[in-house]
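final36.cif (mmCIF, C-alpha atoms) appears below.
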```cif
data_input
loop_
_atom_site.label_atom_id
_atom_site.label_comp_id
_atom_site.auth_asym_id
_atom_site.auth_seq_id
_atom_site.Cartn_x
_atom_site.Cartn_y
_atom_site.Cartn_z
CA MET A 18 -23.76 25.30 -44.83
CA GLU A 19 -20.48 25.96 -43.06
CA ASP A 20 -19.16 23.10 -40.94
CA THR A 21 -18.14 24.41 -37.51
CA MET A 22 -16.64 22.91 -34.37
CA GLU A 23 -19.38 22.91 -31.80
CA HIS A 24 -20.84 20.74 -29.09
CA THR A 25 -22.60 17.64 -30.41
CA ASN A 26 -24.05 14.49 -28.89
CA VAL A 27 -21.37 12.30 -30.49
CA ALA A 28 -19.12 12.07 -27.42
CA GLU A 29 -22.13 11.37 -25.23
CA ALA A 30 -23.32 8.64 -27.61
CA ILE A 31 -19.91 6.95 -27.62
CA HIS A 32 -19.66 7.18 -23.83
CA SER A 33 -23.14 5.69 -23.43
CA HIS A 34 -22.28 2.80 -25.73
CA HIS A 35 -19.06 2.13 -23.82
CA GLN A 36 -21.00 2.03 -20.56
CA GLU A 37 -23.61 -0.26 -22.09
CA ILE A 38 -20.88 -2.65 -23.25
CA LEU A 39 -19.24 -2.64 -19.80
CA ASP A 40 -22.53 -3.17 -17.96
CA THR A 41 -23.61 -6.00 -20.25
CA PHE A 42 -20.25 -7.73 -20.06
CA ALA A 43 -20.16 -7.34 -16.25
CA GLY A 44 -23.55 -9.02 -16.06
CA TYR A 45 -22.27 -12.06 -17.95
CA VAL A 46 -19.05 -12.18 -15.92
CA ASN A 47 -20.86 -11.95 -12.58
CA ALA A 48 -23.24 -14.73 -13.59
CA ILE A 49 -20.39 -16.98 -14.72
CA VAL A 50 -18.32 -16.35 -11.56
CA ALA A 51 -21.35 -16.96 -9.33
CA GLY A 52 -22.41 -20.00 -11.35
CA THR A 53 -26.01 -18.79 -11.42
CA GLN A 54 -28.07 -18.37 -14.60
CA ALA A 55 -24.93 -18.23 -16.74
CA ASP A 56 -25.58 -17.94 -20.49
CA PRO A 57 -22.35 -18.76 -22.36
CA THR A 58 -24.09 -18.71 -25.75
CA GLY A 59 -25.51 -15.28 -25.06
CA LEU A 60 -22.04 -14.12 -24.00
CA VAL A 61 -20.50 -15.18 -27.31
CA THR A 62 -23.36 -13.57 -29.22
CA PHE A 63 -22.79 -10.30 -27.35
CA LEU A 64 -19.01 -10.39 -27.85
CA LYS A 65 -19.20 -11.13 -31.59
CA GLY A 66 -22.32 -9.13 -32.32
CA ASP A 67 -21.59 -6.00 -30.28
CA LEU A 68 -18.07 -5.75 -28.86
CA LEU A 69 -16.17 -6.82 -32.01
CA PRO A 70 -18.17 -4.56 -34.38
CA HIS A 71 -17.63 -1.70 -31.94
CA ALA A 72 -13.86 -2.30 -32.02
CA GLN A 73 -13.84 -2.59 -35.81
CA GLY A 74 -15.85 0.62 -36.18
CA GLU A 75 -13.41 2.48 -33.94
CA GLU A 76 -10.41 1.28 -35.96
CA ALA A 77 -12.02 2.21 -39.27
CA HIS A 78 -13.47 5.61 -38.39
CA LEU A 79 -12.63 6.96 -34.92
CA TYR A 80 -8.93 6.14 -34.57
CA PRO A 81 -7.76 7.73 -37.85
CA ALA A 82 -9.41 11.00 -36.79
CA ILE A 83 -8.02 10.78 -33.27
CA ASP A 84 -4.55 9.94 -34.58
CA HIS A 85 -4.50 13.23 -36.47
CA LEU A 86 -5.66 15.15 -33.38
CA VAL A 87 -3.14 13.47 -31.08
CA LYS A 88 -0.29 14.54 -33.38
CA LYS A 89 -1.45 18.14 -33.16
CA HIS A 90 -2.85 18.49 -29.66
CA GLY A 91 -2.32 15.39 -27.52
CA SER A 92 0.21 12.89 -26.19
CA ALA A 93 0.87 9.55 -27.86
CA THR A 94 1.57 7.88 -24.50
CA ALA A 95 -1.39 9.26 -22.54
CA THR A 96 -3.34 5.99 -22.78
CA MET A 97 -0.33 4.06 -21.48
CA VAL A 98 -0.21 6.30 -18.42
CA ILE A 99 -3.88 5.47 -17.82
CA ASP A 100 -2.89 1.79 -17.97
CA HIS A 101 -0.38 2.53 -15.20
CA GLU A 102 -3.14 4.12 -13.11
CA TYR A 103 -5.14 0.90 -13.35
CA ILE A 104 -2.08 -1.24 -12.62
CA THR A 105 -1.38 0.84 -9.51
CA ARG A 106 -4.99 0.61 -8.42
CA TYR A 107 -5.08 -3.18 -8.78
CA ILE A 108 -1.80 -3.55 -6.87
CA GLU A 109 -3.19 -1.45 -4.01
CA GLU A 110 -6.39 -3.53 -3.94
CA ILE A 111 -4.42 -6.79 -4.02
CA GLU A 112 -2.27 -5.59 -1.11
CA ARG A 113 -5.39 -4.62 0.84
CA VAL A 114 -7.01 -8.05 0.30
CA VAL A 115 -3.79 -9.90 1.18
CA ARG A 116 -3.49 -7.97 4.45
CA THR A 117 -7.13 -8.65 5.28
CA LEU A 118 -6.76 -12.30 4.32
CA SER A 119 -3.87 -12.81 6.73
CA ALA A 120 -6.10 -11.89 9.68
CA ALA A 121 -9.35 -13.43 8.39
CA ASN A 122 -11.10 -16.38 9.98
CA ALA A 123 -11.97 -19.60 8.15
CA GLU A 124 -15.45 -18.35 7.25
CA GLU A 125 -14.18 -15.14 5.68
CA LYS A 126 -11.27 -16.61 3.71
CA PRO A 127 -13.09 -18.19 0.71
CA ALA A 128 -14.70 -14.89 -0.32
CA LEU A 129 -11.43 -13.02 0.13
CA GLN A 130 -9.52 -15.63 -1.87
CA ALA A 131 -12.09 -15.35 -4.67
CA THR A 132 -11.68 -11.56 -4.64
CA LEU A 133 -7.90 -11.93 -4.75
CA GLN A 134 -8.14 -14.32 -7.69
CA ARG A 135 -10.37 -11.96 -9.61
CA LEU A 136 -8.11 -8.95 -8.93
CA CYS A 137 -5.07 -10.88 -10.15
CA LEU A 138 -6.88 -11.86 -13.35
CA GLN A 139 -7.97 -8.26 -13.89
CA LEU A 140 -4.41 -7.05 -13.37
CA GLU A 141 -3.14 -9.66 -15.82
CA ALA A 142 -5.73 -8.54 -18.38
CA VAL A 143 -4.33 -5.00 -18.21
CA LEU A 144 -0.65 -5.90 -17.86
CA VAL A 145 -0.30 -8.36 -20.78
CA PRO A 146 -1.57 -6.02 -23.54
CA HIS A 147 0.18 -3.05 -21.90
CA LEU A 148 3.59 -4.70 -22.14
CA ASP A 149 2.81 -6.02 -25.61
CA LYS A 150 1.96 -2.49 -26.80
CA GLU A 151 5.31 -1.26 -25.51
CA GLU A 152 7.14 -4.13 -27.24
CA ARG A 153 5.34 -3.76 -30.57
CA VAL A 154 5.03 0.03 -30.83
CA TYR A 155 7.42 1.96 -28.58
CA ILE A 156 10.59 -0.16 -28.34
CA PRO A 157 11.01 -0.53 -32.14
CA LEU A 158 10.79 3.27 -32.48
CA LEU A 159 13.40 3.66 -29.77
CA GLU A 160 15.80 1.28 -31.51
CA LYS A 161 15.28 2.73 -34.98
CA TYR A 162 15.38 6.47 -34.35
CA MET A 163 17.29 7.10 -31.12
CA LEU A 164 21.04 7.12 -30.51
CA ALA A 165 22.46 4.23 -28.49
CA SER A 166 23.74 6.64 -25.84
CA GLU A 167 20.24 8.12 -25.40
CA GLN A 168 18.74 4.64 -25.18
CA GLU A 169 21.27 3.81 -22.45
CA ARG A 170 20.36 6.98 -20.55
CA ILE A 171 16.69 6.00 -20.59
CA LEU A 172 17.47 2.47 -19.41
CA ASN A 173 19.61 3.80 -16.56
CA GLY A 174 16.79 6.12 -15.52
CA MET A 175 14.39 3.19 -15.40
CA HIS A 176 16.85 1.27 -13.24
CA ASP A 177 17.12 4.26 -10.90
CA ALA A 178 13.33 4.23 -10.58
CA TYR A 179 13.58 0.65 -9.32
CA ASP A 180 16.04 1.76 -6.66
CA GLU A 181 13.70 4.57 -5.59
CA THR A 182 10.67 2.28 -5.24
CA SER A 183 12.47 -0.66 -3.61
CA GLU A 184 12.39 1.05 -0.22
CA LEU A 185 10.31 -0.56 2.48
CA GLN A 186 6.78 0.85 2.57
CA LEU A 187 4.38 0.47 5.48
CA ASP A 188 0.79 1.16 4.40
CA VAL A 189 -1.29 1.45 7.56
CA ARG A 190 -4.51 2.52 5.85
CA VAL A 191 -5.84 -1.03 6.03
CA ILE A 192 -4.68 -1.52 9.64
CA ALA A 193 -7.04 -0.89 12.55
CA PRO A 194 -6.18 2.57 14.05
CA ARG A 195 -5.53 1.13 17.50
CA GLU A 196 -2.82 -1.16 16.04
CA ARG A 197 -1.04 1.38 13.82
CA HIS A 198 1.36 3.06 16.23
CA GLU A 199 2.68 -0.22 17.64
CA LEU A 200 3.32 -1.55 14.13
CA ILE A 201 5.03 1.69 13.08
CA PHE A 202 7.36 1.73 16.09
CA ASP A 203 8.15 -1.98 15.63
CA THR A 204 9.10 -1.21 12.02
CA TYR A 205 11.30 1.66 13.16
CA ALA A 206 12.94 -0.49 15.82
CA ALA A 207 13.95 -3.02 13.15
CA LEU A 208 15.80 -0.39 11.10
CA GLY A 209 19.56 -0.32 10.99
CA THR A 210 21.51 2.93 11.30
CA GLY A 211 20.87 5.07 8.21
CA GLU A 212 17.96 2.91 7.01
CA THR A 213 14.47 4.29 6.27
CA PHE A 214 10.93 3.20 5.50
CA VAL A 215 8.00 5.02 3.93
CA LEU A 216 4.85 5.35 6.00
CA VAL A 217 1.62 5.56 3.97
CA ASN A 218 -1.38 6.92 5.86
CA ASP A 219 -4.85 8.35 5.21
CA HIS A 220 -4.24 11.48 7.29
CA ASP A 221 -1.40 13.68 8.44
CA PRO A 222 0.48 11.60 11.07
CA LYS A 223 1.56 14.67 13.01
CA PRO A 224 0.69 13.13 16.43
CA LEU A 225 3.02 10.27 15.53
CA TYR A 226 5.80 12.79 14.89
CA TYR A 227 5.34 14.22 18.39
CA GLN A 228 5.47 10.72 19.86
CA PHE A 229 8.71 10.00 17.99
CA SER A 230 10.11 13.31 19.25
CA ALA A 231 9.29 12.36 22.83
CA GLU A 232 10.55 8.77 22.69
CA HIS A 233 13.45 9.09 20.22
CA PRO A 234 14.68 12.70 20.39
CA GLY A 235 17.40 13.40 17.83
CA GLU A 236 17.47 9.76 16.72
CA PHE A 237 15.05 9.78 13.77
CA THR A 238 14.46 11.57 10.47
CA TRP A 239 11.05 12.65 9.22
CA ASP A 240 10.50 13.80 5.61
CA TYR A 241 7.13 14.32 3.93
CA LEU A 242 6.95 12.83 0.42
CA GLU A 243 3.23 13.47 -0.14
CA LYS A 244 0.83 15.69 1.82
CA GLY A 245 -2.75 14.61 1.14
CA PRO A 246 -5.46 15.24 0.67
CA ALA A 247 -6.25 11.51 0.46
CA THR A 248 -2.81 9.99 0.93
CA TRP A 249 0.09 11.01 3.17
CA ARG A 250 3.56 9.51 2.68
CA VAL A 251 6.40 10.13 5.14
CA LYS A 252 9.93 8.77 4.95
CA ILE A 253 11.03 7.85 8.49
CA GLY A 254 14.60 6.85 9.21
CA ARG A 255 17.07 6.01 11.93
CA ARG A 256 19.60 8.83 12.01
CA GLU A 257 23.24 7.92 11.61
CA THR A 258 25.20 8.40 14.82
CA PRO A 259 27.69 11.25 14.42
CA SER A 260 31.30 10.11 14.60
CA LEU A 261 33.21 11.30 17.67
#
```
Output the structure of this file as structure tokens.
Amino acid sequence: MEDTMEHTNVAEAIHSHHQEILDTFAGYVNAIVAGTQADPTGLVTFLKGDLLPHAQGEEAHLYPAIDHLVKKHGSATATMVIDHEYITRYIEEIERVVRTLSAANAEEKPALQATLQRLCLQLEAVLVPHLDKEERVYIPLLEKYMLASEQERILNGMHDAYDETSELQLDVRVIAPRERHELIFDTYAALGTGETFVLVNDHDPKPLYYQFSAEHPGEFTWDYLEKGPATWRVKIGRRETPSL
């Protein structure tokens, strides 16, 4: 019988097992964090009896096949980019909780602090192996097979990325709508000549542009960096005064 490439239930079976592992582990974690009906022995049994064999089976059978396919059809760094997506997501959540925590009352703070602690631990759990993978897999390849001048070019590009992201950002998505405009104009007022900040919003801040035009005609700059649909980013600056 000829072996053909066709739809099977293999991918669905693997996905289902992944979800089962995540759900089971989340149950243990939630119980331990809450301190209710925690079963540490059951946790260890699950980790050694299910999670570890799953990992070993992937390394022995799935990864060799995927490695061949990635060389032909995929990207060797795609999984690292997914790590970055999670890192970005955790940073955004941490920022949201920190902003909420600063305005919270005494009754609300313990739950928010617990959420912040958990988010930081989750970020650490992604960040530590992510950096270790870069150190153990990617950097040695860079040093062994790439010219020093090309390595320097890459490093300089990474440094430039730091300069691009070091700009002040004002994310008003977690701020009450009635408080946003005052905060934005206070941020603008604190700018020096030629300085800018990036406004992050959940909708097109066009009405804000008209207000700037009315109150600061010819004095500000307004450049869209991202136009939705979920996130809008605008670079707002104080225009340099023309020399006479």
Residue contacts of Arg113 in chain A (8 Å, all atoms listed in the file) excluding same-chain residues fewer than 4 positions away, as a list in words = Glu109, Thr117 and Val191 of chain A
Quick one, how far is CA of Val115 in chain A from CA of Pro194 in chain A?
-> 18.1 Å
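The closest residue to Thr238 in chain A, picked from A:Arg250, A:Lys89, A:Arg256, A:Arg195 and counting all atoms listed in the file, is A:Arg256.
Nearest to Glu110 in chain A of all the residues A:Glu257, A:Glu232, A:Glu212, A:Asp188 is A:Asp188, based on all atoms listed in the file.
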Give me, as a tab-separated table, each residue of range 98-215 of chain A that comes within 12 Å of range 40-57 of chain A, together with its shortest interatomic pair and the distance in Å at one decimal, counting all atoms listed in the file, with rows ordered by chain and rising residue number.
```
residue	atom	partner	partner_atom	distance
A:Ala128	CA	A:Ala51	CA	11.4
A:Ala131	CA	A:Val50	CA	9.3
A:Thr132	CA	A:Val50	CA	10.7
A:Gln134	CA	A:Val50	CA	11.1
A:Arg135	CA	A:Val50	CA	9.3
A:Gln139	CA	A:Val46	CA	11.9
```
